[in-house]
>>> print(open('query-v6.json').read())   # JSON, C-alpha atoms and all ligand atoms
[["chain", "number", "residue", "atom", "x", "y", "z"],
["L", 28, "MET", "CA", -6.10, 17.75, 18.13],
["L", 29, "LYS", "CA", -6.91, 17.04, 21.79],
["L", 30, "ALA", "CA", -3.75, 15.05, 22.54],
["L", 31, "PHE", "CA", -1.40, 17.73, 21.24],
["L", 32, "GLU", "CA", -3.65, 20.69, 22.18],
["L", 33, "LEU", "CA", -3.83, 21.99, 18.64],
["L", 34, "ASP", "CA", -6.15, 24.82, 17.58],
["L", 35, "ARG", "CA", -7.22, 23.09, 14.39],
["L", 36, "VAL", "CA", -6.29, 20.31, 12.02],
["L", 37, "TRP", "CA", -5.90, 20.53, 8.29],
["L", 38, "TRP", "CA", -6.53, 17.13, 6.74],
["L", 39, "LEU", "CA", -4.32, 17.17, 3.66],
["L", 40, "VAL", "CA", -5.75, 15.04, 0.90],
["L", 41, "SER", "CA", -2.63, 14.29, -1.06],
["L", 42, "PRO", "CA", -2.42, 14.60, -4.86],
["L", 43, "GLY", "CA", -0.14, 11.55, -4.60],
["L", 44, "ASN", "CA", 2.43, 10.08, -2.25],
["L", 45, "PRO", "CA", 5.83, 10.56, -3.99],
["L", 46, "LEU", "CA", 6.95, 7.13, -2.72],
["L", 47, "LYS", "CA", 3.97, 5.15, -4.04],
["L", 48, "ARG", "CA", 4.08, 3.72, -7.56],
["L", 49, "HIS", "CA", 0.35, 3.81, -8.27],
["L", 50, "GLY", "CA", -1.47, 7.14, -8.28],
["L", 51, "PRO", "CA", -4.60, 7.52, -6.13],
["L", 52, "ALA", "CA", -8.22, 8.11, -7.21],
["L", 53, "PRO", "CA", -9.08, 11.62, -8.53],
["L", 54, "LEU", "CA", -8.37, 14.33, -5.96],
["L", 55, "ASP", "CA", -11.84, 15.93, -5.98],
["L", 56, "GLN", "CA", -13.50, 12.56, -5.29],
["L", 57, "ARG", "CA", -11.21, 11.93, -2.32],
["L", 58, "VAL", "CA", -11.74, 15.46, -0.99],
["L", 59, "ASN", "CA", -15.53, 14.99, -1.20],
["L", 60, "ALA", "CA", -15.32, 11.60, 0.52],
["L", 61, "ALA", "CA", -13.14, 13.00, 3.31],
["L", 62, "GLN", "CA", -15.47, 15.99, 3.78],
["L", 63, "ALA", "CA", -18.49, 13.69, 4.02],
["L", 64, "LEU", "CA", -16.70, 11.67, 6.70],
["L", 65, "MET", "CA", -15.22, 14.48, 8.75],
["L", 66, "GLN", "CA", -17.49, 17.33, 9.73],
["L", 67, "HIS", "CA", -15.91, 19.18, 12.60],
["L", 68, "PRO", "CA", -15.68, 22.96, 13.03],
["L", 69, "ARG", "CA", -11.93, 22.77, 13.68],
["L", 70, "VAL", "CA", -10.97, 20.18, 11.08],
["L", 71, "GLU", "CA", -10.55, 21.33, 7.52],
["L", 72, "VAL", "CA", -10.24, 18.89, 4.66],
["L", 73, "THR", "CA", -7.97, 20.50, 2.08],
["L", 74, "ASP", "CA", -6.28, 19.81, -1.23],
["L", 75, "ILE", "CA", -3.84, 22.66, -0.64],
["L", 76, "GLU", "CA", -0.97, 20.74, -2.28],
["L", 77, "ALA", "CA", -2.82, 21.22, -5.57],
["L", 78, "LEU", "CA", -2.55, 24.99, -4.97],
["L", 79, "THR", "CA", 1.08, 24.97, -3.80],
["L", 80, "GLY", "CA", 2.01, 22.54, -6.60],
["L", 81, "THR", "CA", 4.10, 20.52, -4.15],
["L", 82, "ARG", "CA", 4.18, 16.74, -3.55],
["L", 83, "ALA", "CA", 7.00, 16.23, -1.09],
["L", 84, "THR", "CA", 6.03, 17.21, 2.45],
["L", 85, "ALA", "CA", 9.20, 19.29, 2.98],
["L", 86, "ASP", "CA", 8.24, 21.40, -0.05],
["L", 87, "THR", "CA", 4.61, 21.64, 1.10],
["L", 88, "LEU", "CA", 5.64, 22.83, 4.56],
["L", 89, "THR", "CA", 8.05, 25.40, 3.10],
["L", 90, "ALA", "CA", 5.23, 26.71, 0.89],
["L", 91, "LEU", "CA", 2.74, 26.76, 3.79],
["L", 92, "GLN", "CA", 5.14, 28.60, 6.06],
["L", 93, "ARG", "CA", 5.62, 31.18, 3.32],
["L", 94, "LEU", "CA", 1.86, 31.54, 2.76],
["L", 95, "TYR", "CA", 1.02, 31.64, 6.49],
["L", 96, "PRO", "CA", 4.09, 33.05, 8.27],
["L", 97, "ARG", "CA", 2.22, 33.56, 11.57],
["L", 98, "VAL", "CA", 0.88, 30.02, 11.82],
["L", 99, "ARG", "CA", 2.79, 27.47, 13.89],
["L", 100, "PHE", "CA", 2.40, 24.24, 11.94],
["L", 101, "VAL", "CA", 2.68, 20.73, 13.37],
["L", 102, "TRP", "CA", 3.01, 17.70, 11.08],
["L", 103, "LEU", "CA", 0.77, 14.75, 11.98],
["L", 104, "MET", "CA", 1.15, 11.23, 10.61],
["L", 105, "GLY", "CA", 0.72, 7.55, 11.46],
["L", 106, "ALA", "CA", 3.51, 5.42, 12.94],
["L", 107, "ASP", "CA", 4.06, 3.61, 9.62],
["L", 108, "ASN", "CA", 5.34, 6.87, 8.20],
["L", 109, "LEU", "CA", 7.81, 7.42, 11.05],
["L", 110, "ALA", "CA", 9.24, 3.95, 10.31],
["L", 111, "GLN", "CA", 10.21, 5.07, 6.81],
["L", 112, "PHE", "CA", 10.55, 8.77, 7.43],
["L", 113, "HIS", "CA", 14.28, 8.68, 6.58],
["L", 114, "ARG", "CA", 13.27, 7.91, 2.97],
["L", 115, "TRP", "CA", 11.27, 11.11, 2.60],
["L", 116, "LYS", "CA", 12.69, 14.02, 0.66],
["L", 117, "ASP", "CA", 14.56, 16.42, 2.98],
["L", 118, "TRP", "CA", 13.16, 14.62, 6.02],
["L", 119, "ARG", "CA", 15.61, 16.31, 8.38],
["L", 120, "LEU", "CA", 14.40, 19.68, 7.16],
["L", 121, "ILE", "CA", 10.89, 18.62, 8.21],
["L", 122, "MET", "CA", 12.11, 17.52, 11.66],
["L", 123, "ASP", "CA", 14.09, 20.71, 12.09],
["L", 124, "SER", "CA", 11.30, 23.07, 11.04],
["L", 125, "VAL", "CA", 8.04, 21.76, 12.58],
["L", 126, "PRO", "CA", 7.04, 19.65, 15.61],
["L", 127, "VAL", "CA", 5.92, 16.18, 14.52],
["L", 128, "GLY", "CA", 3.05, 14.21, 16.11],
["L", 129, "VAL", "CA", 2.98, 10.47, 15.47],
["L", 130, "MET", "CA", -0.11, 8.29, 16.05],
["L", 131, "ALA", "CA", 0.33, 4.63, 16.99],
["L", 132, "ARG", "CA", -0.67, 2.11, 14.37],
["L", 133, "PRO", "CA", -0.95, -1.67, 14.79],
["L", 134, "GLY", "CA", 2.22, -3.39, 13.64],
["L", 135, "ASP", "CA", 4.25, -0.19, 13.45],
["L", 136, "ARG", "CA", 4.68, 0.86, 17.06],
["L", 137, "ILE", "CA", 8.06, -0.80, 17.55],
["L", 138, "SER", "CA", 9.45, -0.32, 14.03],
["L", 139, "ALA", "CA", 8.55, 3.37, 14.25],
["L", 140, "ARG", "CA", 10.25, 3.94, 17.59],
["L", 141, "MET", "CA", 13.35, 2.01, 16.46],
["L", 142, "SER", "CA", 13.50, 3.72, 13.06],
["L", 143, "PRO", "CA", 16.49, 5.77, 11.85],
["L", 144, "ALA", "CA", 14.51, 9.01, 12.25],
["L", 145, "ALA", "CA", 13.43, 8.15, 15.80],
["L", 146, "ARG", "CA", 16.97, 7.16, 16.79],
["L", 147, "LEU", "CA", 18.67, 10.19, 15.25],
["L", 148, "TYR", "CA", 16.17, 12.54, 16.90],
["L", 149, "ARG", "CA", 15.74, 10.62, 20.17],
["L", 150, "ARG", "CA", 16.81, 13.52, 22.36],
["L", 151, "TYR", "CA", 14.09, 15.69, 20.86],
["L", 152, "ARG", "CA", 11.32, 13.26, 21.74],
["L", 153, "ILE", "CA", 8.59, 14.59, 24.02],
["L", 154, "ASP", "CA", 7.31, 11.92, 26.39],
["L", 155, "GLY", "CA", 3.72, 10.81, 25.73],
["L", 156, "GLN", "CA", 2.67, 12.16, 29.13],
["L", 157, "ALA", "CA", 3.77, 15.65, 28.08],
["L", 158, "ARG", "CA", 2.12, 15.42, 24.66],
["L", 159, "HIS", "CA", 0.05, 18.56, 25.27],
["L", 160, "LEU", "CA", 3.31, 20.55, 24.93],
["L", 161, "LEU", "CA", 3.94, 19.50, 21.33],
["L", 162, "GLY", "CA", 1.87, 22.23, 19.67],
["L", 163, "ARG", "CA", 3.87, 24.94, 21.44],
["L", 164, "ALA", "CA", 7.26, 23.22, 21.19],
["L", 165, "GLN", "CA", 10.16, 24.57, 19.20],
["L", 166, "ALA", "CA", 11.36, 22.20, 16.44],
["L", 167, "PRO", "CA", 12.97, 19.75, 16.50],
["L", 168, "ALA", "CA", 10.40, 18.06, 18.71],
["L", 169, "TRP", "CA", 8.33, 14.95, 18.17],
["L", 170, "CYS", "CA", 5.90, 12.91, 20.17],
["L", 171, "PHE", "CA", 4.53, 9.40, 19.80],
["L", 172, "VAL", "CA", 1.02, 8.90, 21.18],
["L", 173, "ASN", "CA", -0.74, 5.66, 21.93],
["L", 174, "VAL", "CA", -4.17, 6.55, 20.62],
["L", 175, "PRO", "CA", -6.83, 3.82, 20.30],
["L", 176, "MET", "CA", -5.63, 1.80, 17.31],
["L", 177, "VAL", "CA", -7.54, 0.86, 14.19],
["L", 178, "ASP", "CA", -6.18, -2.12, 12.33],
["L", 179, "VAL", "CA", -7.13, -1.16, 8.81],
["L", 180, "SER", "CA", -5.29, 0.25, 5.81],
["L", 181, "SER", "CA", -6.41, 2.13, 2.70],
["L", 182, "THR", "CA", -5.31, -0.83, 0.59],
["L", 183, "GLN", "CA", -7.50, -3.21, 2.61],
["L", 184, "ILE", "CA", -10.53, -0.94, 2.29],
["L", 185, "ARG", "CA", -10.04, -0.57, -1.45],
["L", 186, "THR", "CA", -9.81, -4.32, -1.98],
["L", 187, "ARG", "CA", -13.05, -5.00, -0.11],
["L", 188, "GLY", "CA", -14.86, -5.02, -3.44],
["L", 189, "ASP", "CA", -17.52, -2.37, -2.95],
["L", 190, "TRP", "CA", -15.13, 0.32, -4.16],
["L", 191, "VAL", "CA", -14.71, 1.38, -7.77],
["L", 192, "ASN", "CA", -11.29, 2.77, -8.70],
["L", 193, "GLY", "CA", -10.60, 3.47, -5.05],
["L", 194, "VAL", "CA", -13.85, 5.40, -4.50],
["L", 195, "LEU", "CA", -17.02, 4.20, -2.76],
["L", 196, "PRO", "CA", -19.99, 4.62, -5.17],
["L", 197, "GLU", "CA", -22.76, 6.89, -3.87],
["L", 201, "LIG", "N1", -4.99, 2.59, 10.85],
["L", 201, "LIG", "C1", -4.23, 3.68, 10.97],
["L", 201, "LIG", "N2", -3.71, 4.06, 12.17],
["L", 201, "LIG", "C2", -2.92, 5.16, 12.29],
["L", 201, "LIG", "N3", -2.60, 5.97, 11.26],
["L", 201, "LIG", "C3", -3.07, 5.65, 10.05],
["L", 201, "LIG", "C4", -3.92, 4.51, 9.83],
["L", 201, "LIG", "N4", -4.25, 4.48, 8.50],
["L", 201, "LIG", "C5", -3.65, 5.53, 7.93],
["L", 201, "LIG", "N5", -2.94, 6.24, 8.83],
["L", 201, "LIG", "C6", -2.15, 7.46, 8.58],
["L", 201, "LIG", "O1", -2.96, 8.32, 7.78],
["L", 201, "LIG", "C7", -2.19, 8.93, 6.73],
["L", 201, "LIG", "C8", -2.75, 8.56, 5.38],
["L", 201, "LIG", "O2", -2.60, 7.17, 5.19],
["L", 201, "LIG", "P1", -3.05, 6.45, 3.84],
["L", 201, "LIG", "O3", -4.26, 7.09, 3.32],
["L", 201, "LIG", "O4", -1.88, 6.30, 2.92],
["L", 201, "LIG", "O5", -3.44, 5.01, 4.38],
["L", 201, "LIG", "P2", -2.54, 3.70, 4.46],
["L", 201, "LIG", "O6", -3.45, 2.69, 5.07],
["L", 201, "LIG", "O7", -1.25, 4.00, 5.13],
["L", 201, "LIG", "O8", -2.25, 3.35, 2.93],
["L", 201, "LIG", "P3", -1.70, 1.98, 2.33],
["L", 201, "LIG", "O9", -2.81, 0.97, 2.40],
["L", 201, "LIG", "O10", -1.36, 2.34, 0.92],
["L", 201, "LIG", "O11", -0.52, 1.57, 3.17],
["L", 201, "LIG", "C9", -0.75, 8.46, 6.97],
["L", 201, "LIG", "O12", -0.08, 9.43, 7.78],
["L", 201, "LIG", "C10", -0.91, 7.16, 7.75],
["L", 201, "LIG", "O13", 0.22, 6.93, 8.59],
["L", 202, "LIG", "O1", 7.88, 14.02, 1.21],
["L", 202, "LIG", "C1", 8.00, 12.80, 0.98],
["L", 202, "LIG", "O2", 9.02, 12.33, 0.46],
["L", 202, "LIG", "C2", 6.83, 11.90, 1.35],
["L", 202, "LIG", "C3", 6.94, 10.52, 1.25],
["L", 202, "LIG", "C4", 5.84, 9.74, 1.62],
["L", 202, "LIG", "C5", 4.66, 10.33, 2.09],
["L", 202, "LIG", "N1", 4.60, 11.67, 2.16],
["L", 202, "LIG", "C6", 3.37, 12.34, 2.61],
["L", 202, "LIG", "O3", 2.83, 11.70, 3.74],
["L", 202, "LIG", "C7", 1.42, 11.80, 3.71],
["L", 202, "LIG", "C8", 0.82, 10.45, 3.91],
["L", 202, "LIG", "O4", 1.09, 9.68, 2.78],
["L", 202, "LIG", "P1", 0.24, 8.37, 2.55],
["L", 202, "LIG", "O5", 0.58, 7.83, 1.20],
["L", 202, "LIG", "O6", 0.63, 7.45, 3.68],
["L", 202, "LIG", "O7", -1.19, 8.84, 2.59],
["L", 202, "LIG", "C9", 1.06, 12.47, 2.39],
["L", 202, "LIG", "O8", 0.84, 13.84, 2.66],
["L", 202, "LIG", "C10", 2.31, 12.26, 1.55],
["L", 202, "LIG", "O9", 2.52, 13.26, 0.58],
["L", 202, "LIG", "C11", 5.64, 12.46, 1.83]]
>>> encode(input="query-v6.json", output="structure tokens", more="lines below")
Ligand SMILES: Nc1ncnc2c1ncn2[C@@H]1O[C@H](COP(=O)(O)OP(=O)(O)OP(=O)(O)O)[C@@H](O)[C@H]1O
Ligand SMILES: O=C(O)c1ccc[n+]([C@@H]2O[C@H](COP(=O)([O-])O)[C@@H](O)[C@H]2O)c1
Amino acid sequence: MKAFELDRVWWLVSPGNPLKRHGPAPLDQRVNAAQALMQHPRVEVTDIEALTGTRATADTLTALQRLYPRVRFVWLMGADNLAQFHRWKDWRLIMDSVPVGVMARPGDRISARMSPAARLYRRYRIDGQARHLLGRAQAPAWCFVNVPMVDVSSTQIRTRGDWVNGVLPE
């Protein structure tokens, strides 16, 4: 939110990544867990894709833009997702309709910046030093930021053993 000078962040708890074979833990449990972790007046944890009935991000963004025509949305994701962005449904529609902010992730910094999406849209890249412009930029525009990196994945956390069906017992 600070890096890109955004007004607020909606943390979308996904009903299920369309590219992953195994479904996640129940949505309400993940929403509760995310809310317990993130209490910030300008960050909202939301399961809005359950309301819009969409799974693919392009469809979610189209629905959100219809529901909130005056809001300027920015899509935020980790670098691993930029590396395989070209496999997402209608990924060019996403690039062409909203600015995209990408957070560095260990192991994915180079693959992300060399990815088909990064190469095809290289002239629309905003330099990290000008990252504060992303929120007000006209799409297509994307920016890669070198935030402090955390070398952990959801899969690793779930396999630590103290989780039951992907959820930490109370
Ligand atoms: N350590 C991390 N650094 C940067 N971004 C991350 C990190 N972990 C997750 N993300 C980002 O957060 C979002 C949600 O990720 P998700 O919950 O699928 O975790 P994951 O660790 O990528 O999952 P998996 O273990 O299945 O690969 C994605 O946009 C992802 O890129
Ligand atoms: O639209 C797609 O094809 C698509 C493919 C992979 C991931 N996504 C979205 O990217 C977000 C992060 O996914 P994940 O599994 O890394 O948590 C989540 O909102 C997914 O719905 C979207």
>>> closest_atom_pairs(input="query-v6.json", of="chain L", to="ligand LIG 201 (chain L)", cutoff="7 Å", atoms="only C-alpha atoms and all ligand atoms", output="tab-separated table")
residue	atom	partner	partner_atom	distance
L:Leu103	CA	L:LIG201	O12	6.8
L:Met104	CA	L:LIG201	O12	3.6
L:Gly105	CA	L:LIG201	O13	3.0
L:Ala106	CA	L:LIG201	O13	5.7
L:Asp107	CA	L:LIG201	O13	5.2
L:Asn108	CA	L:LIG201	O13	5.1
L:Met130	CA	L:LIG201	C2	5.6
L:Ala131	CA	L:LIG201	C2	5.7
L:Arg132	CA	L:LIG201	N2	4.2
L:Pro133	CA	L:LIG201	N2	6.9
L:Met176	CA	L:LIG201	N2	5.9
L:Val177	CA	L:LIG201	N1	4.5
L:Asp178	CA	L:LIG201	N1	5.1
L:Val179	CA	L:LIG201	N1	4.8
L:Ser180	CA	L:LIG201	O6	3.1
L:Ser181	CA	L:LIG201	O9	3.8
L:Thr182	CA	L:LIG201	O9	3.6
L:Gln183	CA	L:LIG201	O9	6.3
>>> closest_atom_pairs(input="query-v6.json", of="chain L", to="ligand LIG 202 (chain L)", cutoff="8 Å", atoms="all atoms listed in the file", output="tab-separated table")
residue	atom	partner	partner_atom	distance
L:Leu39	CA	L:LIG202	O8	6.2
L:Val40	CA	L:LIG202	O8	6.9
L:Ser41	CA	L:LIG202	O8	5.1
L:Pro42	CA	L:LIG202	O9	7.5
L:Gly43	CA	L:LIG202	O9	6.1
L:Asn44	CA	L:LIG202	O9	4.3
L:Pro45	CA	L:LIG202	C3	5.4
L:Leu46	CA	L:LIG202	C4	5.2
L:Lys47	CA	L:LIG202	O5	6.8
L:Arg82	CA	L:LIG202	O9	5.7
L:Ala83	CA	L:LIG202	O1	3.3
L:Thr84	CA	L:LIG202	O1	3.9
L:Ala85	CA	L:LIG202	O1	5.7
L:Asp86	CA	L:LIG202	O1	7.5
L:Met104	CA	L:LIG202	C8	6.8
L:Gly105	CA	L:LIG202	O6	7.8
L:Asp107	CA	L:LIG202	O6	7.9
L:Asn108	CA	L:LIG202	O6	6.6
L:Phe112	CA	L:LIG202	C3	7.4
L:Arg114	CA	L:LIG202	O2	6.6
L:Trp115	CA	L:LIG202	O2	3.3
L:Lys116	CA	L:LIG202	O2	4.0
L:Asp117	CA	L:LIG202	O1	7.3
L:Trp118	CA	L:LIG202	O1	7.2
>>> closest_residue(input="query-v6.json", among="L:Pro167, L:Pro143, L:Pro96, L:Asp154", to="Ser124 of chain L", atoms="only C-alpha atoms")
L:Pro167
>>> residues_around(input="query-v6.json", residues="Val36 of chain L", least_positions_apart="4", cutoff="10 Å", atoms="all atoms listed in the file", output="JSON, numbers by chain")
{"L": [28, 67, 68, 69, 70, 71, 72, 100, 101, 102, 103]}
>>> atom_distance(input="query-v6.json", atom1="atom CA of Arg163 of chain L", atom2="atom CA of Tyr151 of chain L")
13.8 Å
>>> atom_distance(input="query-v6.json", atom1="atom CA of Val172 of chain L", atom2="atom CA of Val129 of chain L")
6.2 Å
>>> closest_residue(input="query-v6.json", among="L:Met65, L:Leu33, L:Ala77, L:Val127", to="Pro53 of chain L", atoms="all atoms listed in the file")
L:Ala77
>>> atom_distance(input="query-v6.json", atom1="atom CA of Met122 of chain L", atom2="atom CA of Phe171 of chain L")
13.8 Å
>>> residues_around(input="query-v6.json", residues="Ser138 of chain L", least_positions_apart="2", cutoff="9 Å", atoms="all atoms listed in the file", output="number ranges by chain")
L: 106-107, 109-110, 134-136, 140-142
>>> closest_residue(input="query-v6.json", among="L:Ala164, L:His49, L:Gln92, L:Trp38", to="Gln66 of chain L", atoms="all atoms listed in the file")
L:Trp38
>>> residues_around(input="query-v6.json", residues="Ala168 of chain L", least_positions_apart="2", cutoff="6 Å", atoms="only C-alpha atoms", output="ChimeraX atom specification")
/L:126,151-152,166
